[in-house]
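Okay, structure first, notes after.
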Amino acid sequence: MNTHQEVIELFSPYVDASLPAAQEAAFEAHLAQCGPCRAEYAGFAEAVALVRELPRHRLPAAFGRRVLARTRTERRRRLSRIRELVLPVFPAGVAVPLVLVAALAALVVLLFLSI
């Protein structure tokens, strides 16, 4: 282990017992030698233990279906609103190519600005 940040990034995989054996041994050796990392890990492990003690609640079976339905409805509403704003000005056969040309022009401008 080279830096404290590298060790801190291993806290979660270590708690989940998902580190390879060699990396786990190096992690434990570092903690044995490094007081700041050991203290930081102790706080992390305590927080994980507290979270794992929280009761687990199941959502109602229909919750996911309601969220998806509401998301689809909102997406349709927004698309409808966009069509209401664009189509009265331009017919669909003109609006789509016009939007594509505008997007391409914006991309070209951005490319030239980055040079």
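Ordering of the structure tokens sets the chain letters (A, B, ...); residue numbers start at 1 within each chain; ligands are numbered from 1 in the order shown.
Look at Ser12 in chain A: the protein and nucleic acid residues within 12 Å of it, using only C-alpha atoms and passing over chain neighbours fewer than 4 places away, are A:Glu6, A:Val7, A:Ile8, A:Asp16, A:Ala17, A:Ser18, A:Leu19, A:Glu24, A:Phe27, A:Tyr41, A:Phe44, A:Ala45, A:Ala47, A:Val48, A:Ala49.
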Apply DSSP to the backbone of this structure and, from chain A, keep only the residues in alpha helix (DSSP H); write these as an NGL selection string.
:A and (4-8 or 11-15 or 21-33 or 35-53 or 63-86 or 92-114)
Report the distance between CA of Gly43 in chain A and CA of Phe11 in chain A in Å, rounded to one decimal place.
10.5 Å
For a test of reading the model, state the distance in Å between CA of Leu85 in chain A and CA of Leu111 in chain A, rounded to one decimal.
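CA of Leu85 in chain A sits 29.1 Å away from CA of Leu111 in chain A.
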